[in-house]
$ cat query.cif   # mmCIF, C-alpha atoms
data_final
loop_
_atom_site.label_atom_id
_atom_site.label_comp_id
_atom_site.auth_asym_id
_atom_site.auth_seq_id
_atom_site.Cartn_x
_atom_site.Cartn_y
_atom_site.Cartn_z
CA MET A 16 0.00 0.00 0.00
CA SER A 17 2.76 2.47 0.89
CA GLY A 18 4.33 1.83 -2.51
CA ARG A 19 1.08 2.87 -4.12
CA ILE A 20 0.85 6.01 -2.00
CA LEU A 21 4.41 6.96 -2.95
CA ALA A 22 3.67 6.32 -6.62
CA LEU A 23 0.56 8.50 -6.40
CA LEU A 24 2.42 11.27 -4.59
CA LYS A 25 5.30 11.21 -7.08
CA ARG A 26 2.93 11.42 -10.01
CA ASP A 27 0.86 14.23 -8.46
CA LEU A 28 3.97 16.22 -7.61
CA LEU A 29 5.43 15.83 -11.10
CA ARG A 30 2.13 16.86 -12.63
CA LEU A 31 1.66 19.89 -10.36
CA LEU A 32 5.27 21.07 -10.24
CA LEU A 33 6.13 20.63 -13.89
CA GLY A 34 2.64 20.51 -15.45
CA ALA A 35 3.88 21.52 -18.86
CA ARG A 36 0.98 23.55 -20.11
CA GLY A 37 -0.39 24.92 -16.84
CA GLY A 38 2.86 26.68 -15.99
CA GLY A 39 3.44 24.27 -13.12
CA ALA A 40 4.35 25.61 -9.70
CA LEU A 41 6.05 28.67 -11.17
CA LEU A 42 2.82 30.43 -12.10
CA PRO A 43 1.44 30.92 -8.54
CA VAL A 44 4.87 32.08 -7.35
CA LEU A 45 5.21 34.64 -10.15
CA PHE A 46 1.64 35.81 -9.55
CA PHE A 47 2.39 36.18 -5.84
CA LEU A 48 5.56 38.15 -6.53
CA SER A 49 3.90 40.42 -9.05
CA VAL A 50 1.21 41.38 -6.53
CA ALA A 51 3.94 42.24 -4.00
CA MET A 52 5.68 44.24 -6.73
CA LEU A 53 2.57 46.11 -7.89
CA TYR A 54 1.29 47.06 -4.46
CA PRO A 55 4.00 49.70 -3.74
CA PHE A 56 3.35 51.22 -7.17
CA ALA A 57 -0.34 51.48 -6.40
CA VAL A 58 -0.18 52.98 -2.88
CA GLY A 59 2.97 55.03 -3.35
CA PRO A 60 6.42 54.92 -1.72
CA ASP A 61 5.16 55.48 1.82
CA ALA A 62 7.51 53.18 3.77
CA PRO A 63 5.62 53.13 7.12
CA LEU A 64 2.31 52.45 5.33
CA LEU A 65 3.87 49.65 3.26
CA ALA A 66 5.47 48.09 6.31
CA ARG A 67 2.19 48.26 8.22
CA THR A 68 -0.04 46.80 5.47
CA GLY A 69 2.52 44.64 3.63
CA GLY A 70 1.91 41.52 5.72
CA GLY A 71 -1.79 41.59 4.87
CA VAL A 72 -0.99 42.04 1.18
CA ILE A 73 1.23 38.97 1.29
CA TRP A 74 -1.65 37.00 2.79
CA VAL A 75 -4.14 38.12 0.13
CA ALA A 76 -1.60 37.38 -2.61
CA ALA A 77 -0.95 33.92 -1.15
CA LEU A 78 -4.66 33.13 -1.04
CA LEU A 79 -5.20 34.23 -4.63
CA ALA A 80 -2.08 32.40 -5.82
CA ALA A 81 -3.39 29.19 -4.24
CA ILE A 82 -6.47 29.45 -6.46
CA LEU A 83 -4.54 29.40 -9.74
CA PRO A 84 -3.93 25.63 -10.05
CA LEU A 85 -7.47 24.61 -8.97
CA ASP A 86 -8.68 23.48 -12.40
CA ARG A 87 -5.76 21.04 -12.73
CA LEU A 88 -6.26 19.40 -9.35
CA VAL A 89 -9.13 16.94 -9.90
CA GLU A 90 -10.91 17.52 -13.19
CA PRO A 91 -8.31 16.01 -15.59
CA ASP A 92 -8.17 12.74 -13.65
CA LEU A 93 -11.93 12.46 -13.62
CA GLU A 94 -12.11 13.16 -17.33
CA MET A 95 -9.30 10.78 -18.28
CA GLY A 96 -10.71 7.89 -16.25
CA GLN A 97 -7.89 7.73 -13.69
CA PHE A 98 -10.30 7.74 -10.75
CA ASP A 99 -12.18 4.78 -12.28
CA GLN A 100 -8.95 2.83 -12.66
CA TRP A 101 -7.93 3.57 -9.06
CA ALA A 102 -11.35 2.50 -7.79
CA LEU A 103 -11.03 -0.81 -9.68
CA ARG A 104 -7.73 -1.41 -7.91
CA GLY A 105 -9.28 -0.76 -4.51
CA ILE A 106 -7.63 2.65 -4.05
CA SER A 107 -10.28 4.80 -2.40
CA GLU A 108 -11.11 8.30 -3.56
CA GLU A 109 -10.39 9.48 -0.03
CA LEU A 110 -6.81 8.25 -0.21
CA VAL A 111 -6.27 9.82 -3.62
CA ILE A 112 -7.65 13.15 -2.39
CA ALA A 113 -5.53 13.05 0.78
CA VAL A 114 -2.40 12.45 -1.31
CA ARG A 115 -3.46 15.20 -3.68
CA VAL A 116 -3.84 17.70 -0.81
CA LEU A 117 -0.28 16.92 0.26
CA ALA A 118 1.05 17.24 -3.30
CA HIS A 119 -0.87 20.47 -3.88
CA TRP A 120 0.50 21.96 -0.66
CA LEU A 121 4.06 20.90 -1.49
CA SER A 122 3.72 22.48 -4.93
CA PHE A 123 2.62 25.91 -3.68
CA GLY A 124 3.12 26.21 0.11
CA PRO A 125 6.90 26.02 0.45
CA PRO A 126 7.48 27.92 -2.84
CA LEU A 127 5.26 30.76 -1.58
CA MET A 128 7.09 30.77 1.75
CA LEU A 129 10.34 31.18 -0.16
CA ALA A 130 8.85 33.85 -2.40
CA ALA A 131 7.67 35.70 0.71
CA LEU A 132 11.33 36.63 1.36
CA PRO A 133 11.74 38.83 -1.75
CA ALA A 134 8.13 39.99 -1.35
CA ALA A 135 8.92 41.16 2.20
CA ALA A 136 11.92 43.05 0.86
CA LEU A 137 9.79 44.73 -1.81
CA LEU A 138 7.27 45.81 0.83
CA GLY A 139 9.90 46.80 3.39
CA LEU A 140 8.69 44.43 6.11
CA GLU A 141 10.70 44.17 9.31
CA GLY A 142 12.34 40.97 10.46
CA HIS A 143 9.87 40.00 13.15
CA THR A 144 6.88 40.75 10.86
CA LEU A 145 8.42 38.54 8.20
CA LEU A 146 8.88 35.77 10.75
CA THR A 147 5.21 36.02 11.77
CA VAL A 148 4.18 35.96 8.09
CA GLU A 149 6.29 32.87 7.47
CA ILE A 150 4.95 31.01 10.49
CA GLY A 151 1.43 32.10 9.56
CA LEU A 152 1.88 30.80 6.00
CA LEU A 153 3.20 27.52 7.37
CA ALA A 154 0.09 27.26 9.54
CA GLY A 155 -2.42 28.51 6.98
CA THR A 156 -1.35 27.20 3.56
CA PRO A 157 -2.10 23.52 4.37
CA GLY A 158 -5.67 24.59 5.04
CA LEU A 159 -5.77 26.52 1.77
CA ALA A 160 -4.47 23.40 -0.03
CA ALA A 161 -7.14 21.20 1.57
CA LEU A 162 -9.84 23.72 0.72
CA GLY A 163 -8.58 24.05 -2.86
CA VAL A 164 -8.64 20.31 -3.50
CA THR A 165 -12.08 19.92 -1.89
CA VAL A 166 -13.59 22.71 -3.99
CA ALA A 167 -11.82 21.46 -7.12
CA ALA A 168 -13.44 18.04 -6.54
CA LEU A 169 -16.85 19.62 -5.93
CA THR A 170 -16.72 21.67 -9.13
CA ALA A 171 -15.06 19.04 -11.36
CA GLY A 172 -17.12 18.33 -14.42
CA LEU A 173 -19.23 21.48 -14.12
CA ARG A 174 -19.31 23.99 -16.92
CA GLY A 175 -17.19 26.96 -15.89
CA GLY A 176 -16.00 24.87 -12.95
CA ALA A 177 -12.63 26.62 -12.72
CA ALA A 178 -14.10 30.10 -12.30
CA LEU A 179 -16.71 28.76 -9.89
CA ALA A 180 -14.02 27.03 -7.85
CA GLY A 181 -12.16 30.31 -7.42
CA LEU A 182 -15.30 32.07 -6.28
CA LEU A 183 -16.15 29.29 -3.82
CA VAL A 184 -12.69 29.13 -2.28
CA ILE A 185 -12.50 32.83 -1.45
CA PRO A 186 -15.32 33.02 1.15
CA MET A 187 -14.37 29.68 2.70
CA ALA A 188 -10.75 30.80 3.02
CA VAL A 189 -11.74 33.89 4.98
CA PRO A 190 -11.20 32.30 8.45
CA VAL A 191 -7.65 31.28 7.57
CA LEU A 192 -7.02 34.77 6.17
CA ILE A 193 -8.47 36.58 9.19
CA PHE A 194 -6.48 34.54 11.70
CA GLY A 195 -3.33 34.44 9.58
CA ALA A 196 -3.25 38.14 8.73
CA GLY A 197 -4.63 39.01 12.19
CA SER A 198 -1.56 37.47 13.79
CA LEU A 199 0.47 40.37 12.36
CA GLY A 200 -1.16 42.92 14.70
CA ALA A 201 0.02 43.65 18.21
CA GLY A 202 -0.58 40.70 20.52
CA GLY A 203 -1.84 38.66 17.58
CA GLU A 204 0.19 35.50 18.26
CA SER A 205 -2.96 33.59 19.15
CA GLY A 206 -4.03 34.23 15.53
CA LEU A 207 -1.33 31.78 14.44
CA ALA A 208 -2.80 29.05 16.61
CA LEU A 209 -6.29 29.77 15.28
CA ALA A 210 -5.04 29.76 11.67
CA ALA A 211 -3.43 26.39 12.35
CA ALA A 212 -6.67 25.16 13.93
CA ALA A 213 -8.70 26.26 10.90
CA SER A 214 -6.15 24.47 8.72
CA LEU A 215 -6.48 21.27 10.72
CA VAL A 216 -10.26 21.30 10.41
CA LEU A 217 -10.02 21.78 6.65
CA LEU A 218 -7.35 19.06 6.37
CA ALA A 219 -9.51 16.62 8.33
CA LEU A 220 -12.59 17.26 6.20
CA ALA A 221 -10.94 17.41 2.76
CA PRO A 222 -10.45 13.67 2.02
CA PHE A 223 -14.04 12.80 2.92
CA ALA A 224 -15.73 15.77 1.25
CA GLY A 225 -13.48 15.49 -1.80
CA GLY A 226 -13.87 11.72 -2.05
CA ALA A 227 -17.65 11.94 -1.87
CA ALA A 228 -17.61 14.70 -4.50
CA VAL A 229 -15.53 12.56 -6.88
CA ARG A 230 -17.89 9.61 -6.48
CA ALA A 231 -20.88 11.85 -7.08
CA ALA A 232 -19.30 13.37 -10.18
CA ARG A 233 -18.74 9.90 -11.65
CA ASN A 234 -22.44 9.08 -12.02
CA MET B 2 -6.51 -15.37 -12.19
CA GLN B 3 -8.08 -18.70 -11.25
CA GLY B 4 -11.52 -18.64 -9.66
CA ALA B 5 -12.76 -15.53 -11.42
CA SER B 6 -16.52 -15.40 -11.84
CA ILE B 7 -19.34 -12.98 -12.51
CA ALA B 8 -22.89 -13.52 -11.27
CA ILE B 9 -25.61 -11.07 -12.27
CA ASP B 10 -29.14 -11.49 -10.91
CA ASP B 11 -32.22 -9.66 -12.14
CA LEU B 12 -30.23 -6.53 -12.92
CA ALA B 13 -31.91 -3.30 -13.96
CA CYS B 14 -30.16 -0.11 -15.04
CA ARG B 15 -31.52 3.41 -15.07
CA ARG B 16 -29.92 6.49 -16.62
CA GLY B 17 -31.70 9.69 -15.64
CA ASP B 18 -35.40 8.86 -15.81
CA ARG B 19 -35.05 6.13 -18.47
CA LEU B 20 -34.99 2.45 -17.62
CA LEU B 21 -32.36 1.08 -20.01
CA PHE B 22 -32.75 -2.65 -19.35
CA ARG B 23 -34.14 -4.93 -16.65
CA GLY B 24 -34.40 -8.55 -15.64
CA LEU B 25 -30.86 -9.32 -16.80
CA SER B 26 -29.34 -12.44 -15.22
CA LEU B 27 -26.21 -14.22 -16.31
CA ARG B 28 -23.31 -16.28 -15.05
CA LEU B 29 -19.75 -16.19 -16.31
CA ARG B 30 -17.22 -18.73 -15.06
CA ALA B 31 -13.45 -18.87 -15.47
CA GLY B 32 -12.42 -19.05 -19.11
CA GLU B 33 -15.72 -17.77 -20.50
CA ALA B 34 -16.25 -14.74 -22.70
CA LEU B 35 -19.43 -12.84 -23.45
CA ARG B 36 -20.03 -10.14 -26.02
CA VAL B 37 -22.79 -7.65 -25.29
CA VAL B 38 -24.43 -6.19 -28.37
CA GLY B 39 -27.14 -3.64 -28.92
CA ARG B 40 -27.78 -0.29 -30.54
CA ASN B 41 -26.10 2.90 -29.32
CA GLY B 42 -27.33 4.10 -25.93
CA ILE B 43 -28.93 0.78 -25.00
CA GLY B 44 -26.74 0.51 -21.91
CA LYS B 45 -23.74 -1.61 -22.92
CA SER B 46 -21.25 0.72 -21.25
CA SER B 47 -23.55 1.18 -18.27
CA LEU B 48 -23.69 -2.61 -17.82
CA LEU B 49 -19.90 -2.77 -17.81
CA ARG B 50 -19.65 0.08 -15.31
CA ILE B 51 -22.17 -1.63 -13.01
CA VAL B 52 -20.22 -4.89 -13.18
CA ALA B 53 -17.06 -2.91 -12.39
CA GLY B 54 -18.76 -1.42 -9.35
CA LEU B 55 -18.31 2.10 -10.71
CA ALA B 56 -22.05 2.72 -11.02
CA PRO B 57 -24.82 1.46 -8.73
CA PRO B 58 -27.45 -0.90 -10.20
CA PHE B 59 -31.02 0.38 -10.17
CA ALA B 60 -32.16 -3.05 -9.06
CA GLY B 61 -30.67 -6.50 -8.81
CA LYS B 62 -27.32 -7.85 -7.70
CA VAL B 63 -23.89 -8.14 -9.25
CA ASN B 64 -21.21 -10.32 -7.74
CA ALA B 65 -17.80 -10.29 -9.37
CA GLU B 66 -15.04 -12.48 -7.93
CA GLY B 67 -11.54 -11.51 -8.92
CA ALA B 68 -9.69 -8.35 -9.84
CA ILE B 69 -11.34 -6.27 -12.54
CA GLY B 70 -9.58 -4.55 -15.40
CA LEU B 71 -11.41 -2.01 -17.55
CA VAL B 72 -10.56 -0.58 -20.95
CA ASP B 73 -12.94 2.08 -22.22
CA GLU B 74 -12.66 5.14 -24.41
CA ARG B 75 -10.51 6.93 -21.83
CA PRO B 76 -6.94 5.62 -21.66
CA ALA B 77 -6.25 6.93 -18.10
CA LEU B 78 -2.71 7.87 -19.14
CA ASP B 79 -1.36 11.33 -18.30
CA PRO B 80 -1.35 13.32 -21.55
CA ALA B 81 1.68 15.42 -20.62
CA ARG B 82 3.96 12.51 -19.72
CA THR B 83 5.65 10.13 -22.07
CA LEU B 84 4.04 6.78 -22.76
CA GLY B 85 6.86 5.03 -20.91
CA GLU B 86 6.36 7.14 -17.78
CA ALA B 87 2.57 6.86 -17.91
CA LEU B 88 2.74 3.06 -18.17
CA ALA B 89 5.46 2.91 -15.49
CA PHE B 90 3.08 4.71 -13.12
CA TRP B 91 0.46 1.99 -13.54
CA ARG B 92 3.12 -0.72 -13.20
CA GLN B 93 4.03 0.80 -9.82
CA ILE B 94 0.39 0.94 -8.78
CA ASP B 95 -0.18 -2.65 -9.89
CA GLY B 96 3.12 -3.86 -8.49
CA ALA B 97 3.91 -5.42 -11.85
CA GLY B 98 7.32 -5.98 -13.40
CA GLU B 99 8.55 -4.75 -16.77
CA ARG B 100 6.68 -6.53 -19.53
CA ASN B 101 8.68 -5.71 -22.60
CA GLY B 102 7.21 -8.68 -24.44
CA ASP B 103 3.74 -7.13 -24.23
CA LEU B 104 5.00 -3.74 -25.37
CA GLY B 105 6.74 -5.34 -28.33
CA ARG B 106 3.66 -7.31 -29.31
CA LEU B 107 1.50 -4.20 -29.08
CA GLY B 108 3.99 -2.23 -31.16
CA LEU B 109 4.55 0.33 -28.40
CA GLU B 110 8.32 0.00 -27.91
CA ALA B 111 9.12 2.77 -30.39
CA LEU B 112 6.55 5.09 -28.80
CA LEU B 113 7.80 5.01 -25.21
CA ASP B 114 9.46 8.44 -25.49
CA VAL B 115 6.43 10.09 -27.06
CA PRO B 116 4.14 12.19 -24.85
CA VAL B 117 0.74 10.52 -24.58
CA ARG B 118 -1.06 13.56 -26.02
CA TYR B 119 0.70 13.03 -29.38
CA LEU B 120 -0.51 9.44 -29.70
CA SER B 121 -3.31 8.57 -32.10
CA THR B 122 -6.59 7.02 -30.97
CA GLY B 123 -5.44 3.55 -31.92
CA GLN B 124 -2.06 3.98 -30.26
CA LYS B 125 -3.76 5.12 -27.04
CA LYS B 126 -6.04 2.08 -27.21
CA ARG B 127 -3.02 -0.19 -27.58
CA ALA B 128 -1.39 1.57 -24.60
CA ALA B 129 -4.57 0.97 -22.57
CA LEU B 130 -4.32 -2.74 -23.48
CA ALA B 131 -0.72 -2.74 -22.24
CA ARG B 132 -1.94 -1.21 -18.96
CA LEU B 133 -4.63 -3.91 -18.76
CA LEU B 134 -2.11 -6.72 -19.33
CA GLY B 135 0.13 -5.35 -16.57
CA GLN B 136 -2.79 -5.36 -14.15
CA GLU B 137 -3.11 -9.16 -14.42
CA ALA B 138 -6.78 -8.95 -13.54
CA GLY B 139 -8.99 -12.02 -13.75
CA ILE B 140 -11.94 -10.16 -15.25
CA TRP B 141 -11.56 -8.02 -18.36
CA LEU B 142 -14.27 -5.49 -19.12
CA LEU B 143 -13.69 -4.20 -22.63
CA ASP B 144 -15.82 -1.31 -23.83
CA GLU B 145 -15.56 -1.00 -27.61
CA PRO B 146 -12.03 -2.44 -27.54
CA LEU B 147 -11.61 -2.34 -31.31
CA ASN B 148 -12.45 1.35 -31.78
CA GLY B 149 -9.60 3.08 -33.58
CA LEU B 150 -7.53 -0.09 -33.99
CA ASP B 151 -6.27 -1.11 -37.43
CA THR B 152 -6.86 -4.66 -38.72
CA HIS B 153 -3.56 -5.92 -37.40
CA ALA B 154 -4.04 -4.41 -33.93
CA ALA B 155 -7.67 -5.59 -33.82
CA ALA B 156 -6.56 -9.16 -34.51
CA LEU B 157 -3.96 -8.75 -31.79
CA ALA B 158 -6.58 -7.52 -29.29
CA GLU B 159 -8.69 -10.57 -30.13
CA ALA B 160 -5.69 -12.87 -29.71
CA LEU B 161 -4.81 -11.31 -26.34
CA THR B 162 -8.38 -11.75 -25.13
CA ALA B 163 -8.37 -15.40 -26.31
CA GLU B 164 -5.15 -16.02 -24.38
CA HIS B 165 -6.63 -14.33 -21.33
CA CYS B 166 -9.67 -16.63 -21.42
CA ALA B 167 -7.53 -19.70 -22.11
CA ALA B 168 -5.57 -18.86 -18.95
CA GLY B 169 -8.78 -18.93 -16.91
CA GLY B 170 -9.80 -15.28 -17.22
CA ILE B 171 -13.20 -13.84 -18.00
CA ALA B 172 -13.89 -11.30 -20.73
CA LEU B 173 -17.04 -9.19 -20.95
CA ILE B 174 -16.96 -7.25 -24.18
CA ALA B 175 -19.29 -4.47 -25.26
CA SER B 176 -18.85 -3.97 -28.96
CA HIS B 177 -20.91 -3.37 -32.04
CA GLN B 178 -18.03 -4.52 -34.21
CA PRO B 179 -17.49 -8.23 -34.80
CA PHE B 180 -15.09 -9.63 -32.22
CA ALA B 181 -13.59 -12.97 -33.19
CA LEU B 182 -13.14 -15.14 -30.13
CA PRO B 183 -13.52 -18.93 -29.97
CA GLY B 184 -16.37 -20.08 -27.76
CA MET B 185 -17.70 -16.60 -27.10
CA ALA B 186 -21.39 -16.20 -26.30
CA THR B 187 -23.41 -13.18 -27.38
CA LEU B 188 -25.94 -11.27 -25.32
CA ALA B 189 -28.40 -8.96 -27.04
CA LEU B 190 -29.35 -6.23 -24.59
CA SER B 191 -32.44 -5.45 -26.68
CA ASP B 192 -34.01 -8.62 -25.21
CA TYR B 193 -34.07 -6.91 -21.83
CA THR B 194 -35.37 -3.46 -22.73
CA THR B 195 -38.81 -2.44 -21.61
#
$ encode --input "query.cif" --output "structure tokens"
Amino acid sequence: MSGRILALLKRDLLRLLLGARGGGALLPVLFFLSVAMLYPFAVGPDAPLLARTGGGVIWVAALLAAILPLDRLVEPDLEMGQFDQWALRGISEELVIAVRVLAHWLSFGPPLMLAALPAAALLGLEGHTLLTVEIGLLAGTPGLAALGVTVAALTAGLRGGAALAGLLVIPMAVPVLIFGAGSLGAGGESGLALAAAASLVLLALAPFAGGAAVRAARN
Amino acid sequence: MQGASIAIDDLACRRGDRLLFRGLSLRLRAGEALRVVGRNGIGKSSLLRIVAGLAPPFAGKVNAEGAIGLVDERPALDPARTLGEALAFWRQIDGAGERNGDLGRLGLEALLDVPVRYLSTGQKKRAALARLLGQEAGIWLLDEPLNGLDTHAAALAEALTAEHCAAGGIALIASHQPFALPGMATLALSDYTT
């Protein structure tokens, strides 16, 4: 069984990191960096303002960047019959979705955390703010990954599913955003714990909700 | 592969609000093959998906003993990866070894470096057959297996199915094209429509 899980994870990672035509993992990172680059142009070179609001901008950019790969997460496998073949081999939809959440997070979470370093420099964030942002992203992005895969499974096979998925993720990601970005304020450390808690809830639900959605989409 | 069997009792299938067929009962034992025929939309593919456990029956019972392999119009091979990588993925999932003999027979050896999206319909179908062989399943469900195959490849698909049945496997074939297989029975789904 563990060999199968590793094979699934390797395939998902290759597909999400290098996905030839979707831009792979580079696209969310570039999107994230361009938001961080555009924001100072839009609000002007007011260093204290940038430093005060920059952390929140990074959070919004991270959330939006996580939406970009949604249409590649579940739909192609449903369309190409992969889920049917896994089901025939006794590999449950829940397991596939759980592996996919991990692969999706690996393909955008750590890259965004790395990209947050140049983004913080562009926005003039201080060291301790950057540290809080990084810890917050570590706590919050797994939840965003779980949410993304769940919504991608729910909207797979629908017309305009990709756009719908983006719209559905945004309101459901609000708790993670509030706690994550809220941790940047004074005395906001408890926000990190709450962001992590929201992540854990989403991670626990994702395999079951996503698996049920895939089975429903098959009929 | 030994001990494979399919038992279908009083099966009915509904798509949307239409009852496609009902009262279908049949038994398939090791080494037997059955071809399901009928006009388009009569429920041949639905029958195969119910037997595979991928769709629920509207009524009745299906009991399939043995691993099930399915080949339908979707090859389940990643379009962006090369044929070799895509087949290697399924070999890992199935825990199967390299089967170069099969690839050679199916004429796929020269295509292993080609991304799946560049393959023709017939080449993808042959790749799906290679995936099926690697699975070593006792029950083969073949949905229009000859679609897109040239005469040579079609004869090869028939020969592979004959070998599979001779080795104690079961083949359930939905096809409106003639499928030459010794000892194969034919089931007309139109006998079970309402």
$ residues_around --input "query.cif" --residues "range 15-29 of chain B" --least-positions-apart "2" --cutoff "9 Å" --atoms "all atoms listed in the file" --output "MDAnalysis selection string"
chainID B and resid 5:13 31:35 42:44 47 58:61 171:173 190:195
$ atom_distance --input "query.cif" --atom1 "CA of Asp86 in chain A" --atom2 "CA of Asn234 in chain A"
19.9 Å
$ closest_residue --input "query.cif" --among "B:Leu113, B:Ala129, B:Arg106, B:Val37" --to "chain A" --atoms "all atoms listed in the file"
B:Ala129
$ interface_residues --input "query.cif" --of "chain A" --to "chain B" --cutoff "12 Å" --atoms "all atoms listed in the file" --output "PyMOL selection string"
chain A and resi 16-27+29-31+33-37+39+91-108+229-234
$ closest_residue --input "query.cif" --among "B:Met185, B:Asn148, B:Ser46, B:Arg132" --to "Leu104 in chain B" --atoms "only C-alpha atoms"
B:Arg132
$ residues_around --input "query.cif" --residues "range 158-162 of chain A" --least-positions-apart "6" --cutoff "8 Å" --atoms "all atoms listed in the file" --output "PyMOL selection string"
chain A and resi 78+81+116-117+119-120+184+187-188+191+211+213-218+221
$ resolve_selection --input "query.cif" --expression "the PyMOL selection byres ((chain A and resi 170-178) around 10)" --output "MDAnalysis selection string"
chainID A and resid 82:94 164:169 179:183 228:229 232:233
$ atom_distance --input "query.cif" --atom1 "CA of Ala154 in chain B" --atom2 "CA of Leu130 in chain B"
10.6 Å
$ atom_distance --input "query.cif" --atom1 "CA of Gly206 in chain A" --atom2 "CA of Ala57 in chain A"
28.1 Å
$ closest_residue --input "query.cif" --among "A:Gly151, A:Gly142, A:Pro190, A:Pro125" --to "Ala208 in chain A" --atoms "all atoms listed in the file"
A:Gly151
$ closest_residue --input "query.cif" --among "B:Ala168, B:Ala186, B:Val38, B:Ala175" --to "Asp144 in chain B" --atoms "all atoms listed in the file"
B:Ala175
$ decode --input "query.cif" --residues "range 212-227 of chain A" --atoms "N, CA and C atoms" --output "short mmCIF file (atom, residue, chain, number, x, y, z; two decimals), in the first residue's frame"
data_model
loop_
_atom_site.label_atom_id
_atom_site.label_comp_id
_atom_site.auth_asym_id
_atom_site.auth_seq_id
_atom_site.Cartn_x
_atom_site.Cartn_y
_atom_site.Cartn_z
N ALA A 212 -5.48 25.95 13.60
CA ALA A 212 -6.67 25.16 13.93
C ALA A 212 -7.63 25.10 12.74
N ALA A 213 -7.83 26.25 12.08
CA ALA A 213 -8.70 26.26 10.90
C ALA A 213 -8.13 25.33 9.84
N SER A 214 -6.80 25.36 9.69
CA SER A 214 -6.15 24.47 8.72
C SER A 214 -6.42 23.01 9.05
N LEU A 215 -6.29 22.67 10.32
CA LEU A 215 -6.48 21.27 10.72
C LEU A 215 -7.89 20.80 10.42
N VAL A 216 -8.87 21.67 10.70
CA VAL A 216 -10.26 21.30 10.41
C VAL A 216 -10.41 21.03 8.92
N LEU A 217 -9.89 21.95 8.10
CA LEU A 217 -10.02 21.78 6.65
C LEU A 217 -9.30 20.52 6.18
N LEU A 218 -8.11 20.25 6.76
CA LEU A 218 -7.35 19.06 6.37
C LEU A 218 -8.11 17.79 6.74
N ALA A 219 -8.79 17.81 7.89
CA ALA A 219 -9.51 16.62 8.33
C ALA A 219 -10.73 16.36 7.45
N LEU A 220 -11.36 17.43 6.99
CA LEU A 220 -12.59 17.26 6.20
C LEU A 220 -12.30 16.92 4.75
N ALA A 221 -11.18 17.45 4.22
CA ALA A 221 -10.94 17.41 2.76
C ALA A 221 -11.05 16.01 2.15
N PRO A 222 -10.38 14.97 2.70
CA PRO A 222 -10.45 13.67 2.02
C PRO A 222 -11.88 13.15 1.90
N PHE A 223 -12.69 13.36 2.94
CA PHE A 223 -14.04 12.80 2.92
C PHE A 223 -14.96 13.60 1.99
N ALA A 224 -14.91 14.94 2.12
CA ALA A 224 -15.73 15.77 1.25
C ALA A 224 -15.30 15.60 -0.20
N GLY A 225 -13.98 15.63 -0.44
CA GLY A 225 -13.48 15.49 -1.80
C GLY A 225 -13.79 14.12 -2.38
N GLY A 226 -13.60 13.07 -1.56
CA GLY A 226 -13.87 11.72 -2.05
C GLY A 226 -15.33 11.54 -2.42
N ALA A 227 -16.22 12.05 -1.57
CA ALA A 227 -17.65 11.94 -1.87
C ALA A 227 -17.98 12.72 -3.14
#
